[in-house]
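J.: Here's a structure for you.
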Amino acid sequence: MKSRNVVHATTVVEHLYGAPPETIFDAFADAAKRRQWDLPGDDGWELADLQQDFRVGGRLSSRFGPKGDARHWDEGTYLDIEPNVRIVSAGTMHDGEIRATLTLCTVEFQKEGGGTRVRLTDQSAFLDGRESPDDRKTGWGEILDRLENYLRSNPGAR
C-alpha cells in the first residue's frame with residue numbers, strides 16, 4: 001500500500017517556440033489542435049479523449065495512458081484566460097478511480113524575438129505517492145516537446 005501523505009511542489013517548465021504568441025495560444029484554445037499534441041509519455045501512449053469548453057468557468061477533461069490502457073484522466077476548470085498572454089486552470093489528476101494530484105496550472109505566453117517563450121507553472125499537491133514532482137516535470141516537458149513537433153509538422157497552424 002502507498003503511504004498516506006501529501007507532497008507539495010511547484011514545477012516550472014519553459015520552452016521557446018519559433019511561432020508568435022497567437023499561434024501558440026491558439027494551439028491551447030482550439031480543442032481539435034490540442035488533441036494532436038497534448039499528451040505525456042512516449043509513442044506507446046495515447047490520448048483517448050479530450051474535451052474542453054475554453055472560457056473562464058469552462059471545463060477541460062482528458063483521458064490518456066499507455067495504448068490500450070488509458071487509465072489516467074484529469075478534469076479541471078479555467079480560472080483566467082487572457083488571450084495570447086496567459087491561461088490559468090485548476091484541476092485534479094486520477095489514476096483509475098484514485099485521485100492522484102490537485103493542481104493550479106498557469107501557462108504564460110511571452111513574445112521573444114520572432115517567437116514565443118512559454119512558461120508553464122504547475123503548483124500541485126501530490127497525494128499518497130501516486131505521482132512525484134519529477135514525474136510531473138517530465139510529463140510537462142514531453143507535452144511541450146509534442147507541441148513543438150505539432151507546430152513543425154503543421155505549418156498552417158502558424
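Just so we're on the same page: first chain in the C-alpha cells is A, next is B, and so on; residues restart at 1 for each chain, and ligands are numbered from 1 in the order they show up.
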If you run DSSP on the backbone here, which positions in chain A get helix (DSSP H, G or I)? Please write them as a VMD selection string.
T.: chain A and resid 21 to 29 31 to 34 133 to 153 155 to 157
J.: Using only C-alpha atoms, which protein or nucleic acid residues come within 12 Å of Leu47 of chain A? Drop anything in the same chain fewer than 3 positions from it, and give the result as a list in words.
T.: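 After dropping sequence-adjacent residues, the list is Arg34, Arg35, Gln36, Trp37, Asp38, Leu39, Pro40, Gly41, Asp42, Asp43, Gly44, Leu50, Gln51, Ser61, Ser62, Arg63, Phe64, Gly65, Pro66, Lys67, Gly68, Asp69, Ala70, Arg71, His72, Trp73, Asp74 and Ile143 of chain A.
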J.: Here is a test: counting only C-alpha atoms, which residue of A:Gly115, A:Pro155, A:Gly58, A:Pro21 is nearest to Val88 of chain A?
T.: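 Closest to Val88 of chain A of all the choices is A:Gly58.
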J.: Could you check the closest approach to Leu16 of chain A for each of A:Met93, A:Val118, A:Leu127, A:Ala31 and tell me which residue wins, using only C-alpha atoms?
T.: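 For Leu16 of chain A, the nearest of the candidates is A:Val118.
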J.: Enumerate as a ChimeraX atom specification all residues of chain A assigned to strand (DSSP E or B) by DSSP on the backbone, naming them with the chain letters and numbers the document uses.
T.: /A:6-17,45-52,59-66,72-82,86-95,98-112,115-127
J.: Env of Gly57 of chain A: 8 Å cut, atoms = only C-alpha atoms, seq-sep filter 5 positions within chain, self excluded. Answer as an mmCIF file with all heavy atoms, in the first residue's frame.
T.:
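Final output, out_11.cif:
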data_model
loop_
_atom_site.group_PDB
_atom_site.id
_atom_site.type_symbol
_atom_site.label_atom_id
_atom_site.label_comp_id
_atom_site.auth_asym_id
_atom_site.auth_seq_id
_atom_site.Cartn_x
_atom_site.Cartn_y
_atom_site.Cartn_z
ATOM 1 N N THR A 77 -11.026 23.255 -14.407
ATOM 2 C CA THR A 77 -11.803 24.448 -14.729
ATOM 3 C C THR A 77 -10.842 25.574 -15.086
ATOM 4 O O THR A 77 -9.821 25.755 -14.419
ATOM 5 C CB THR A 77 -12.648 24.874 -13.503
ATOM 6 O OG1 THR A 77 -13.491 23.790 -13.125
ATOM 7 C CG2 THR A 77 -13.492 26.093 -13.810
ATOM 8 N N TYR A 78 -11.197 26.317 -16.127
ATOM 9 C CA TYR A 78 -10.413 27.504 -16.494
ATOM 10 C C TYR A 78 -10.787 28.643 -15.549
ATOM 11 O O TYR A 78 -11.949 29.013 -15.447
ATOM 12 C CB TYR A 78 -10.688 27.905 -17.945
ATOM 13 C CG TYR A 78 -10.126 26.917 -18.930
ATOM 14 C CD1 TYR A 78 -10.964 26.069 -19.634
ATOM 15 C CD2 TYR A 78 -8.756 26.823 -19.145
ATOM 16 C CE1 TYR A 78 -10.447 25.147 -20.534
ATOM 17 C CE2 TYR A 78 -8.238 25.906 -20.045
ATOM 18 C CZ TYR A 78 -9.087 25.076 -20.730
ATOM 19 O OH TYR A 78 -8.572 24.164 -21.619
ATOM 20 N N LEU A 79 -9.783 29.186 -14.861
ATOM 21 C CA LEU A 79 -10.000 30.263 -13.894
ATOM 22 C C LEU A 79 -9.746 31.638 -14.487
ATOM 23 O O LEU A 79 -10.362 32.620 -14.065
ATOM 24 C CB LEU A 79 -9.091 30.067 -12.682
ATOM 25 C CG LEU A 79 -9.229 28.737 -11.938
ATOM 26 C CD1 LEU A 79 -8.208 28.670 -10.814
ATOM 27 C CD2 LEU A 79 -10.646 28.558 -11.423
#
J.: Could you please determine the separation between atom CA of Pro20 of chain A and atom CA of Val85 of chain A in Å, to one decimal place?
T.: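 Calculated distance between atom CA of Pro20 of chain A and atom CA of Val85 of chain A is 11.3 Å.
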J.: I'd like to know which of A:Asp49, A:Asp95, A:Asp80, A:Glu112 is closest to Gly129 of chain A, using only C-alpha atoms.
T.: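 With only C-alpha atoms as the atom set, the closest residue is A:Asp95.
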J.: Using only C-alpha atoms, determine which residues lie at most 8 Å from segment 106-110 of chain A, disregarding the query and same-chain residues fewer than 3 positions distant; provide the list as a list in words.
T.: Pro21, Ile24, Phe25, Asn84, Val85, Arg86, Ile87, Val88, Ser89, Thr116, Arg117, Val118, Arg119, Leu120, Thr121 and Asp122 of chain A
J.: Could you check the closest approach to Phe126 of chain A for each of A:Lys33, A:His8, A:Lys111, A:Arg99 and tell me which residue wins, using only C-alpha atoms?
T.: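 Going through A:Lys33, A:His8, A:Lys111, A:Arg99 one by one, the smallest distance to Phe126 of chain A is for A:His8.
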J.: Could you tell me how far atom CA of Thr101 of chain A lies from atom CA of Ala32 of chain A, in Å and to one decimal?
T.: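 Separation between atom CA of Thr101 of chain A and atom CA of Ala32 of chain A: 25.9 Å.
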J.: Which one of A:Ala90, A:Gln123, A:Ile98, A:Arg152 sits closest to Arg136 of chain A if you count only C-alpha atoms?
T.: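 So, comparing all the options, the nearest one is A:Gln123.
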J.: What does the structure give for the distance between atom CA of Asp134 of chain A and atom CA of Leu147 of chain A, in Å to one decimal?
T.: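 About the pair atom CA of Asp134 of chain A and atom CA of Leu147 of chain A: they are 20.1 Å apart.
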J.: Compare A:Glu46, A:Asp53, A:Asp145, A:Glu14 by their minimum atom-to-atom distance to Asp30 of chain A, counting only C-alpha atoms, and give me the closest one.
T.: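 Checking each candidate against Asp30 of chain A, we get A:Asp53 as the closest.
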